[in-house]
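Shown next: final25.cif, given as mmCIF, C-alpha atoms.
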data_target
#
loop_
_atom_site.label_atom_id
_atom_site.label_comp_id
_atom_site.auth_asym_id
_atom_site.auth_seq_id
_atom_site.Cartn_x
_atom_site.Cartn_y
_atom_site.Cartn_z
CA MET A 1 -22.55 -45.77 136.81
CA LEU A 2 -21.62 -49.09 135.27
CA ARG A 3 -17.98 -48.65 136.32
CA LYS A 4 -18.97 -47.74 139.85
CA SER A 5 -21.26 -50.77 140.21
CA MET A 6 -18.48 -52.92 138.85
CA HIS A 7 -15.85 -51.51 141.20
CA ASP A 8 -18.21 -51.75 144.20
CA GLY A 9 -19.40 -55.26 143.50
CA LEU A 10 -16.11 -56.81 142.55
CA TRP A 11 -13.81 -55.06 144.98
CA LYS A 12 -14.74 -52.10 147.21
CA GLN A 13 -18.03 -53.50 148.55
CA ASN A 14 -17.46 -57.15 147.69
CA PRO A 15 -20.27 -59.20 149.32
CA GLY A 16 -17.99 -62.11 150.16
CA VAL A 17 -14.92 -60.48 151.70
CA ILE A 18 -15.94 -56.88 152.58
CA GLN A 19 -19.68 -56.80 153.33
CA LEU A 20 -19.55 -60.36 154.67
CA LEU A 21 -23.19 -60.90 153.86
CA GLY A 22 -24.51 -64.24 152.74
CA LEU A 23 -21.94 -66.37 154.51
CA CYS A 24 -24.16 -69.44 155.02
CA PRO A 25 -23.85 -70.81 151.48
CA THR A 26 -20.38 -69.27 151.10
CA LEU A 27 -19.11 -71.49 153.85
CA ALA A 28 -21.33 -74.51 153.32
CA VAL A 29 -21.04 -75.40 149.65
CA THR A 30 -17.58 -74.20 148.70
CA THR A 31 -15.89 -77.59 148.92
CA THR A 32 -15.13 -77.51 145.20
CA VAL A 33 -14.81 -74.86 142.49
CA VAL A 34 -17.83 -76.30 140.71
CA ASN A 35 -20.12 -76.12 143.73
CA GLY A 36 -18.96 -72.58 144.48
CA VAL A 37 -19.40 -71.33 140.93
CA SER A 38 -22.80 -72.93 140.44
CA LEU A 39 -24.24 -71.55 143.66
CA GLY A 40 -22.62 -68.21 142.78
CA ILE A 41 -24.35 -68.18 139.41
CA ALA A 42 -27.71 -69.14 140.94
CA THR A 43 -27.36 -66.35 143.54
CA MET A 44 -26.34 -63.90 140.84
CA LEU A 45 -29.46 -64.74 138.81
CA VAL A 46 -31.63 -64.19 141.88
CA MET A 47 -29.93 -60.87 142.64
CA VAL A 48 -30.34 -59.54 139.11
CA ALA A 49 -33.98 -60.65 139.05
CA SER A 50 -34.86 -59.31 142.51
CA ASN A 51 -33.10 -55.96 142.02
CA GLY A 52 -34.60 -55.71 138.56
CA SER A 53 -38.15 -56.39 139.73
CA ILE A 54 -38.11 -54.27 142.90
CA ALA A 55 -36.60 -51.13 141.33
CA PRO A 56 -39.41 -50.45 138.81
CA ILE A 57 -42.16 -50.89 141.42
CA ARG A 58 -40.30 -49.26 144.32
CA LYS A 59 -42.65 -46.25 144.38
CA TRP A 60 -45.72 -48.42 144.96
CA ILE A 61 -44.30 -50.25 147.92
CA PRO A 62 -45.38 -48.66 151.23
CA GLU A 63 -42.41 -47.90 153.49
CA GLU A 64 -43.97 -49.72 156.48
CA ILE A 65 -44.36 -53.10 154.84
CA ARG A 66 -41.45 -53.02 152.40
CA VAL A 67 -39.49 -55.84 154.05
CA PRO A 68 -42.26 -58.48 153.86
CA ILE A 69 -42.88 -57.47 150.25
CA PHE A 70 -39.19 -57.75 149.41
CA ILE A 71 -39.08 -61.19 151.00
CA LEU A 72 -42.19 -62.21 149.09
CA VAL A 73 -40.66 -61.12 145.78
CA VAL A 74 -37.30 -62.75 146.53
CA ALA A 75 -38.98 -66.00 147.65
CA ALA A 76 -41.08 -66.13 144.49
CA LEU A 77 -38.03 -65.52 142.28
CA VAL A 78 -35.96 -68.14 144.08
CA THR A 79 -38.79 -70.65 143.68
CA ILE A 80 -38.90 -69.93 139.96
CA ILE A 81 -35.14 -70.36 139.65
CA ASP A 82 -35.27 -73.53 141.78
CA LEU A 83 -37.96 -74.99 139.51
CA SER A 84 -36.06 -74.01 136.37
CA ILE A 85 -32.82 -75.56 137.59
CA HIS A 86 -34.71 -78.71 138.56
CA ALA A 87 -36.35 -78.87 135.14
CA PHE A 88 -33.48 -77.92 132.85
CA ALA A 89 -30.28 -78.65 134.78
CA GLU A 90 -30.96 -81.81 136.75
CA PRO A 91 -27.27 -82.55 137.61
CA LEU A 92 -26.82 -79.02 138.96
CA TYR A 93 -29.98 -79.44 141.02
CA ARG A 94 -28.56 -82.63 142.48
CA ALA A 95 -25.23 -81.01 143.28
CA LEU A 96 -26.66 -77.97 145.07
CA GLY A 97 -29.76 -79.52 146.61
CA ILE A 98 -31.12 -77.58 149.57
CA PHE A 99 -28.83 -74.60 148.96
CA ILE A 100 -30.86 -73.27 146.04
CA PRO A 101 -34.06 -72.69 148.09
CA LEU A 102 -31.85 -71.33 150.86
CA ILE A 103 -30.88 -68.40 148.62
CA VAL A 104 -34.14 -66.83 149.90
CA THR A 105 -32.52 -66.33 153.28
CA ASN A 106 -29.20 -65.17 151.87
CA CYS A 107 -28.69 -61.76 153.46
CA ILE A 108 -26.90 -60.31 150.47
CA VAL A 109 -30.00 -60.57 148.28
CA LEU A 110 -32.25 -58.69 150.70
CA ALA A 111 -29.43 -56.28 151.57
CA ARG A 112 -29.00 -55.15 147.96
CA VAL A 113 -32.75 -54.85 147.45
CA GLU A 114 -33.13 -52.80 150.62
CA SER A 115 -30.05 -50.61 150.27
CA PHE A 116 -29.91 -50.20 146.51
CA ALA A 117 -32.86 -51.33 144.39
CA SER A 118 -35.49 -49.70 146.62
CA LYS A 119 -33.78 -46.33 146.15
CA ASN A 120 -32.46 -46.40 142.59
CA PRO A 121 -33.80 -46.65 139.03
CA THR A 122 -34.06 -49.97 137.25
CA LEU A 123 -30.93 -50.00 135.10
CA PRO A 124 -28.42 -49.15 137.85
CA SER A 125 -30.17 -51.71 140.07
CA LEU A 126 -29.70 -54.38 137.43
CA TYR A 127 -25.99 -53.49 137.21
CA ASP A 128 -25.74 -53.57 140.99
CA GLY A 129 -27.39 -57.00 141.23
CA PHE A 130 -25.18 -58.37 138.50
CA PHE A 131 -21.85 -57.14 139.83
CA MET A 132 -22.61 -57.85 143.49
CA GLY A 133 -23.59 -61.36 142.40
CA LEU A 134 -20.46 -61.69 140.29
CA GLY A 135 -18.32 -60.46 143.18
CA LEU A 136 -19.81 -63.12 145.44
CA CYS A 137 -19.45 -65.74 142.71
CA ILE A 138 -15.72 -64.99 142.36
CA VAL A 139 -15.17 -65.28 146.11
CA LEU A 140 -17.09 -68.59 146.15
CA ALA A 141 -14.95 -69.85 143.27
CA LEU A 142 -11.69 -68.82 144.99
CA LEU A 143 -12.70 -70.34 148.30
CA GLY A 144 -13.92 -73.49 146.53
CA GLY A 145 -10.60 -73.68 144.68
CA MET A 146 -8.53 -73.34 147.85
CA ARG A 147 -10.54 -75.98 149.70
CA GLU A 148 -10.70 -78.39 146.78
CA LEU A 149 -6.95 -78.13 146.18
CA LEU A 150 -6.00 -78.68 149.82
CA GLY A 151 -8.72 -81.17 150.71
CA LYS A 152 -8.97 -83.27 147.57
CA GLY A 153 -5.86 -82.45 145.60
CA SER A 154 -7.85 -81.55 142.53
CA LEU A 155 -9.20 -78.48 140.75
CA PHE A 156 -12.34 -78.11 138.63
CA SER A 157 -13.40 -81.71 139.27
CA GLY A 158 -17.01 -82.37 138.32
CA MET A 159 -17.20 -79.53 135.78
CA ASP A 160 -18.64 -82.05 133.33
CA LEU A 161 -21.59 -82.71 135.66
CA ILE A 162 -22.82 -79.21 135.12
CA PHE A 163 -21.49 -77.86 131.86
CA GLY A 164 -21.32 -81.10 129.85
CA GLU A 165 -18.79 -83.79 128.93
CA SER A 166 -16.46 -81.49 127.02
CA TRP A 167 -15.53 -79.67 130.24
CA LYS A 168 -13.97 -82.79 131.68
CA VAL A 169 -10.57 -81.81 130.24
CA LEU A 170 -10.41 -78.91 132.71
CA SER A 171 -10.30 -81.23 135.69
CA ILE A 172 -6.78 -81.38 137.14
CA GLU A 173 -5.65 -83.87 139.75
CA PHE A 174 -2.57 -82.87 141.74
CA PHE A 175 -2.50 -85.71 144.24
CA ASP A 176 -4.70 -88.56 145.39
CA SER A 177 -7.68 -87.43 147.43
CA SER A 178 -6.89 -89.85 150.27
CA HIS A 179 -3.84 -87.69 151.09
CA GLY A 180 -6.01 -84.59 151.23
CA PHE A 181 -6.11 -82.21 154.17
CA LEU A 182 -9.55 -83.11 155.53
CA LEU A 183 -9.85 -79.95 157.64
CA ALA A 184 -10.07 -77.90 154.47
CA LEU A 185 -13.28 -79.70 153.49
CA LEU A 186 -14.90 -79.44 156.91
CA PRO A 187 -16.72 -76.30 158.10
CA PRO A 188 -13.72 -74.96 160.10
CA GLY A 189 -11.71 -75.09 156.87
CA ALA A 190 -14.29 -72.81 155.29
CA PHE A 191 -13.89 -70.25 158.07
CA LEU A 192 -10.10 -70.43 157.90
CA GLY A 193 -10.12 -70.14 154.10
CA LEU A 194 -12.45 -67.15 154.19
CA ALA A 195 -10.30 -65.52 156.88
CA LEU A 196 -7.27 -65.89 154.60
CA LEU A 197 -9.14 -64.30 151.70
CA ILE A 198 -10.29 -61.39 153.88
CA ALA A 199 -6.77 -60.90 155.21
CA LEU A 200 -5.45 -60.88 151.65
CA THR A 201 -8.02 -58.28 150.59
CA ASN A 202 -7.16 -56.08 153.57
CA PHE A 203 -3.48 -56.44 152.77
CA PHE A 204 -4.00 -55.24 149.19
CA ASN A 205 -6.18 -52.38 150.35
CA GLN A 206 -3.62 -51.22 152.88
CA THR A 207 -0.63 -51.39 150.58
CA LYS A 208 -2.58 -49.40 148.01
CA GLN A 209 -3.14 -46.53 150.43
CA MET B 1 -60.76 -39.66 166.36
CA GLY B 2 -59.23 -38.74 163.03
CA LYS B 3 -55.87 -40.04 164.16
CA PHE B 4 -57.50 -43.27 165.27
CA LEU B 5 -59.14 -43.84 161.89
CA ASN B 6 -55.91 -42.93 160.17
CA LYS B 7 -54.13 -45.67 162.06
CA TYR B 8 -56.70 -48.19 160.93
CA SER B 9 -56.48 -47.06 157.35
CA ILE B 10 -52.75 -47.75 157.41
CA VAL B 11 -53.47 -51.27 158.58
CA GLY B 12 -56.12 -51.66 155.89
CA GLN B 13 -53.84 -50.27 153.23
CA SER B 14 -51.01 -52.58 154.28
CA ILE B 15 -53.31 -55.58 154.17
CA LEU B 16 -54.52 -54.55 150.74
CA VAL B 17 -51.04 -54.00 149.29
CA MET B 18 -49.70 -57.22 150.83
CA SER B 19 -52.65 -59.19 149.42
CA ILE B 20 -52.19 -57.71 145.96
CA PHE B 21 -48.51 -58.59 145.94
CA GLY B 22 -49.24 -62.03 147.40
CA GLY B 23 -51.91 -62.62 144.77
CA ILE B 24 -49.73 -61.53 141.87
CA PHE B 25 -46.78 -63.67 142.89
CA ALA B 26 -48.88 -66.68 143.82
CA PHE B 27 -50.41 -66.45 140.34
CA LEU B 28 -46.98 -66.14 138.70
CA LEU B 29 -45.69 -69.14 140.64
CA ALA B 30 -48.75 -71.20 139.77
CA ILE B 31 -48.26 -70.48 136.06
CA PHE B 32 -44.56 -71.24 136.25
CA PHE B 33 -45.21 -74.46 138.16
CA GLU B 34 -47.71 -75.64 135.55
CA PHE B 35 -45.15 -74.92 132.87
CA SER B 36 -42.12 -76.50 134.54
CA ASN B 37 -43.72 -79.48 136.29
CA PRO B 38 -44.04 -81.74 133.22
CA VAL B 39 -40.38 -81.06 132.40
CA ILE B 40 -39.35 -81.84 135.98
CA LEU B 41 -41.36 -85.07 136.03
CA LYS B 42 -39.86 -86.07 132.70
CA SER B 43 -36.29 -85.38 133.76
CA GLU B 44 -36.86 -87.26 137.03
CA ALA B 45 -38.33 -90.23 135.19
CA GLN B 46 -35.35 -90.20 132.83
CA ALA B 47 -32.94 -90.05 135.74
CA LYS B 48 -34.74 -93.01 137.32
CA GLN B 49 -34.67 -94.96 134.09
CA ARG B 50 -30.93 -94.37 133.78
CA LEU B 51 -30.45 -95.59 137.36
CA LEU B 52 -32.53 -98.72 136.75
CA LEU B 53 -30.35 -99.47 133.75
CA GLN B 54 -27.22 -99.02 135.85
CA VAL B 55 -28.26 -101.44 138.60
CA ILE B 56 -29.01 -104.23 136.17
CA GLY B 57 -25.72 -103.71 134.38
CA GLU B 58 -25.09 -106.06 131.48
CA LYS B 59 -28.20 -108.15 132.06
CA LYS B 60 -30.41 -108.38 129.02
CA TYR B 61 -34.10 -107.72 129.36
CA ASP B 62 -36.99 -107.33 126.97
CA ASN B 63 -39.87 -106.24 129.16
CA ASP B 64 -41.01 -102.75 130.07
CA LEU B 65 -39.63 -101.91 133.51
CA ASP B 66 -42.08 -99.07 133.85
CA THR B 67 -45.03 -101.44 134.08
CA ASP B 68 -43.48 -104.65 135.38
CA PHE B 69 -43.17 -104.25 139.10
CA ILE B 70 -44.52 -105.61 142.37
CA ASN B 71 -45.78 -103.34 145.10
CA ILE B 72 -44.10 -104.05 148.38
CA SER B 73 -45.81 -102.93 151.53
CA PRO B 74 -43.79 -101.13 154.21
CA ASN B 75 -41.48 -103.51 156.01
CA THR B 76 -38.68 -103.52 158.54
CA TYR B 77 -35.91 -104.58 156.16
CA LEU B 78 -36.38 -101.89 153.58
CA LYS B 79 -37.36 -99.33 156.24
CA SER B 80 -40.03 -98.13 153.87
CA LYS B 81 -42.82 -95.88 155.07
CA LYS B 82 -44.98 -96.24 151.99
CA ASP B 83 -45.41 -98.92 149.35
CA THR B 84 -42.27 -99.25 147.27
CA LYS B 85 -41.85 -100.82 143.86
CA ALA B 86 -39.70 -103.82 143.11
CA TYR B 87 -38.95 -103.73 139.40
CA ILE B 88 -38.52 -106.97 137.57
CA ALA B 89 -36.29 -107.33 134.52
CA ARG B 90 -37.14 -110.35 132.37
CA TYR B 91 -35.67 -111.82 129.24
CA GLN B 92 -37.96 -114.18 127.33
CA ASN B 93 -40.09 -114.45 130.45
CA THR B 94 -37.34 -115.59 132.79
CA ILE B 95 -36.43 -113.24 135.58
CA GLN B 96 -33.01 -111.68 135.12
CA ALA B 97 -32.99 -109.22 137.96
CA ILE B 98 -35.11 -107.79 140.74
CA ILE B 99 -34.55 -104.16 141.59
CA ILE B 100 -35.34 -103.33 145.19
CA GLU B 101 -35.54 -99.91 146.76
CA SER B 102 -34.01 -99.74 150.21
CA ARG B 103 -34.04 -96.82 152.61
CA ALA B 104 -31.34 -95.94 155.11
CA PRO B 105 -32.90 -93.80 157.82
CA ASP B 106 -29.65 -93.53 159.79
CA GLY B 107 -27.49 -91.44 157.46
CA TYR B 108 -25.81 -88.24 158.55
CA SER B 109 -28.61 -86.00 157.31
CA GLY B 110 -31.95 -87.33 156.18
CA ASP B 111 -32.83 -90.57 154.48
CA ILE B 112 -30.62 -92.23 151.91
CA ILE B 113 -32.55 -94.09 149.21
CA LEU B 114 -30.77 -96.85 147.34
CA LEU B 115 -31.65 -99.11 144.45
CA VAL B 116 -30.20 -102.60 144.58
CA GLY B 117 -30.35 -104.91 141.58
CA ILE B 118 -30.26 -108.58 142.59
CA SER B 119 -30.05 -111.61 140.30
CA PRO B 120 -32.38 -114.60 140.93
CA ASP B 121 -29.50 -116.50 142.58
CA GLY B 122 -29.12 -113.75 145.17
CA LYS B 123 -26.10 -111.85 143.87
CA ILE B 124 -25.93 -108.08 143.76
CA ILE B 125 -25.74 -106.98 140.15
CA GLY B 126 -25.50 -103.33 140.94
CA SER B 127 -26.42 -100.74 143.53
CA ARG B 128 -26.86 -96.98 143.36
CA VAL B 129 -27.81 -94.18 145.70
CA VAL B 130 -30.87 -92.51 144.23
CA LYS B 131 -31.41 -89.78 146.76
CA HIS B 132 -29.40 -88.40 149.65
CA GLN B 133 -28.62 -85.17 151.45
CA GLU B 134 -25.22 -86.09 152.81
CA THR B 135 -22.67 -83.31 153.23
CA PRO B 136 -21.35 -82.17 149.85
CA GLY B 137 -17.70 -83.05 149.46
CA LEU B 138 -17.72 -85.30 152.50
CA GLY B 139 -20.51 -87.86 152.79
CA ASP B 140 -21.58 -87.68 149.17
CA TYR B 141 -18.96 -90.19 148.01
CA ILE B 142 -21.70 -92.84 148.15
CA ASP B 143 -23.09 -91.17 145.02
CA ILE B 144 -21.72 -92.66 141.80
CA ALA B 145 -21.31 -89.13 140.46
CA LYS B 146 -18.70 -88.45 143.14
CA SER B 147 -16.84 -91.74 143.58
CA ASP B 148 -16.81 -95.44 142.74
CA TRP B 149 -17.44 -96.47 146.35
CA ILE B 150 -20.91 -97.90 145.69
CA LEU B 151 -19.49 -100.27 143.05
CA MET B 152 -17.84 -102.51 145.64
CA PHE B 153 -21.14 -104.20 146.43
CA GLN B 154 -21.22 -105.66 142.94
CA GLY B 155 -21.19 -109.47 142.91
CA LEU B 156 -21.65 -109.91 146.65
CA ASN B 157 -24.17 -112.30 148.17
CA LEU B 158 -25.28 -113.48 151.60
CA LYS B 159 -23.57 -116.87 151.37
CA ASP B 160 -20.04 -115.58 150.88
CA LYS B 161 -20.28 -112.76 153.35
CA SER B 162 -21.58 -113.35 156.85
CA SER B 163 -23.75 -110.74 158.52
CA SER B 164 -20.98 -109.38 160.73
CA MET B 165 -18.84 -108.56 157.70
CA TRP B 166 -21.47 -106.15 156.36
CA ALA B 167 -19.91 -103.21 158.18
CA VAL B 168 -17.14 -100.66 157.72
CA LYS B 169 -13.57 -101.71 158.48
CA LYS B 170 -13.60 -99.53 161.58
CA ASP B 171 -16.37 -101.80 162.96
CA ARG B 172 -14.36 -104.91 161.95
CA GLY B 173 -16.37 -105.28 158.81
CA ASP B 174 -15.28 -105.68 155.22
CA PHE B 175 -15.95 -102.31 153.65
CA ASP B 176 -13.89 -99.21 153.01
CA TYR B 177 -15.19 -95.82 154.02
CA MET B 178 -14.05 -92.23 153.89
CA ALA B 179 -12.55 -90.88 157.11
CA GLY B 180 -14.82 -88.22 158.57
CA ALA B 181 -17.93 -89.66 156.98
CA THR B 182 -18.28 -93.09 158.58
CA ILE B 183 -21.95 -92.66 159.48
CA THR B 184 -22.87 -92.30 155.83
CA ALA B 185 -21.04 -95.49 154.84
CA ARG B 186 -22.49 -97.44 157.77
CA ALA B 187 -26.02 -96.46 156.77
CA ALA B 188 -25.52 -97.30 153.10
CA ILE B 189 -23.90 -100.68 153.81
CA LYS B 190 -26.73 -101.60 156.14
CA ALA B 191 -29.34 -100.63 153.58
CA VAL B 192 -27.70 -102.77 150.87
CA HIS B 193 -27.41 -105.69 153.28
CA ASN B 194 -31.07 -105.25 154.22
CA ALA B 195 -32.10 -105.36 150.59
CA LEU B 196 -30.37 -108.76 150.29
CA LEU B 197 -31.99 -110.02 153.49
CA PHE B 198 -35.37 -108.89 152.25
CA PHE B 199 -34.80 -110.62 148.93
CA ASN B 200 -33.78 -113.80 150.71
CA GLU B 201 -36.89 -113.95 152.87
CA ASN B 202 -39.43 -112.91 150.27
CA LYS B 203 -38.42 -114.93 147.24
CA ALA B 204 -41.93 -116.30 146.83
CA GLN B 205 -43.50 -112.86 146.75
CA LEU B 206 -40.94 -111.72 144.21
CA GLY B 207 -41.75 -114.67 141.97
CA ILE B 208 -38.55 -116.64 142.48
CA ASP B 209 -38.73 -120.24 143.63
#

Hey, can you dump this file as structure tokens for me?
Amino acid sequence: MLRKSMHDGLWKQNPGVIQLLGLCPTLAVTTTVVNGVSLGIATMLVMVASNGSIAPIRKWIPEEIRVPIFILVVAALVTIIDLSIHAFAEPLYRALGIFIPLIVTNCIVLARVESFASKNPTLPSLYDGFFMGLGLCIVLALLGGMRELLGKGSLFSGMDLIFGESWKVLSIEFFDSSHGFLLALLPPGAFLGLALLIALTNFFNQTKQ
Amino acid sequence: MGKFLNKYSIVGQSILVMSIFGGIFAFLLAIFFEFSNPVILKSEAQAKQRLLLQVIGEKKYDNDLDTDFINISPNTYLKSKKDTKAYIARYQNTIQAIIIESRAPDGYSGDIILLVGISPDGKIIGSRVVKHQETPGLGDYIDIAKSDWILMFQGLNLKDKSSSMWAVKKDRGDFDYMAGATITARAAIKAVHNALLFFNENKAQLGID
């Protein structure tokens, strides 16, 4: 059960490169590793919480109005996470801004609630939320890394803003940002980068067969 | 007839279930808001305090900035919609710096709010962007957290720089900008310039002769 959730979330059903759900933040914020990872973590928290709170009450939710109820639950959870980030992680709140509330409309959250948590017991749903979230987080980090490296010539810049001063050592600068490939930072760069990641995934899947 | 009633009971049931869920989550959110709001207000006040300290740089002061301010009614220079506060830093009762809040309504997305610290002789001591929603990784270089761009206003005044020079180099002005995010720089430069113009015309109101 745990292994299956893990395999599905991280590879076979990966939300970022296979299911292609939740692309809005994937493409919008992944200009650096830090932005990608932090939005990934926030989304993961929401997914664990929403899956974990829908699964135990799934039998009391009438079939006909399940979607509005799911949205209500997800919106409430996102608001709670938004408030907590604002209160306890001010720099992270500044970095992500509008994209935290926008997690409400991230398809992947509702998709997992609808297709998994509303049909499965609590524990597997928690696993599912966690690994789907982690799978998305990894894709966001990879995409952020590609774009940051090409566009700014650095990796892990700004880690200290979120995780504290001691993380500053991780930041690597390969070349000056004024020589960066601007396209990588612009929205088309996000689409191209994601396309490369998808192509790579398909390549691995085909050679495996 | 039975079928008819049945249909209505589904509607009634849906309304009931929706209201219960709405009620529960509204209650949860209200509790969480009560709990997190003081923390949010505190962390915002701290962030503001840190910014105020940054825009007055090395200047010494011994008054309480929280209580020593002048309310400035909405005006065309600062583009303010509501009353804004001009904070006054004093040392042994002589004014060291006036901190003015200036708004740039013409950024790339939404308003940019800046704080500009000005010494009594009309020099910029420091300037910072307090709030903005510019594109992450592109227009956000005006934020001190992302780049040193905003520091180039330090030490400037109206005498040494004529009005036409308060523009980006692309517009034959004097200021650097990041390619691909000119609009952001234009807006911020204008807002800083406006703060100086406002200071120059309202010295009496600010308590400087």

Check your understanding: What residues come out when you apply the PyMOL selection byres ((chain B and resi 89) around 8) to this file, written as a ChimeraX atom specification?
Key -> /B:61-65,68,87-88,90-91,95-99

Check your understanding: How many Å separate CA of Ile98 in chain A from CA of Ile183 in chain B?
Key ->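 These atoms are spaced 20.2 Å apart.
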
**Study point:** Neighbours of chain B in chain A at 8 Å, counting only C-alpha atoms, as a list in words
**Key:**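 That gives the following set of residues: Val29, Thr31, Thr32, Ile61, Pro62, Glu64, Ile65, Ile69, Leu72, Val73, Ala76, Thr79, Ile80, Leu83, Ser84, His86, Ala87, Phe88, Glu90, Ala95, Gly97, Gly158, Leu182, Leu185 and Leu186 of chain A.
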
Write a file of the selected residues as a short mmCIF file (atom, residue, chain, number, x, y, z; two decimals), in the frame of the given file, keeping C-alpha atoms.
data_model
loop_
_atom_site.label_atom_id
_atom_site.label_comp_id
_atom_site.auth_asym_id
_atom_site.auth_seq_id
_atom_site.Cartn_x
_atom_site.Cartn_y
_atom_site.Cartn_z
CA VAL A 29 -21.04 -75.40 149.65
CA THR A 31 -15.89 -77.59 148.92
CA THR A 32 -15.13 -77.51 145.20
CA ILE A 61 -44.30 -50.25 147.92
CA PRO A 62 -45.38 -48.66 151.23
CA GLU A 64 -43.97 -49.72 156.48
CA ILE A 65 -44.36 -53.10 154.84
CA ILE A 69 -42.88 -57.47 150.25
CA LEU A 72 -42.19 -62.21 149.09
CA VAL A 73 -40.66 -61.12 145.78
CA ALA A 76 -41.08 -66.13 144.49
CA THR A 79 -38.79 -70.65 143.68
CA ILE A 80 -38.90 -69.93 139.96
CA LEU A 83 -37.96 -74.99 139.51
CA SER A 84 -36.06 -74.01 136.37
CA HIS A 86 -34.71 -78.71 138.56
CA ALA A 87 -36.35 -78.87 135.14
CA PHE A 88 -33.48 -77.92 132.85
CA GLU A 90 -30.96 -81.81 136.75
CA ALA A 95 -25.23 -81.01 143.28
CA GLY A 97 -29.76 -79.52 146.61
CA GLY A 158 -17.01 -82.37 138.32
CA LEU A 182 -9.55 -83.11 155.53
CA LEU A 185 -13.28 -79.70 153.49
CA LEU A 186 -14.90 -79.44 156.91
#

Exercise for review: Please evaluate the PyMOL selection byres ((chain A and resi 15-28) around 8) against the structure above and give the resulting residues as a ChimeraX atom specification.
Suggested key: /A:9,12-14,29-31,36,39,99,103,106-109,132-133,135-136,139-140,187,190-191,194,197-198,201

Practice item. Using only C-alpha atoms, find the one residue out of B:Met165, B:Val130, B:Ile70, B:Ile20 that sits nearest to Gln49 in chain B. Key: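 Using only C-alpha atoms, the shortest distance to Gln49 in chain B belongs to B:Val130.
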
Exercise for review: Work out how far CA of Arg186 in chain B is from CA of Ala204 in chain B, in Å to one decimal.
Suggested key: 29.2 Å
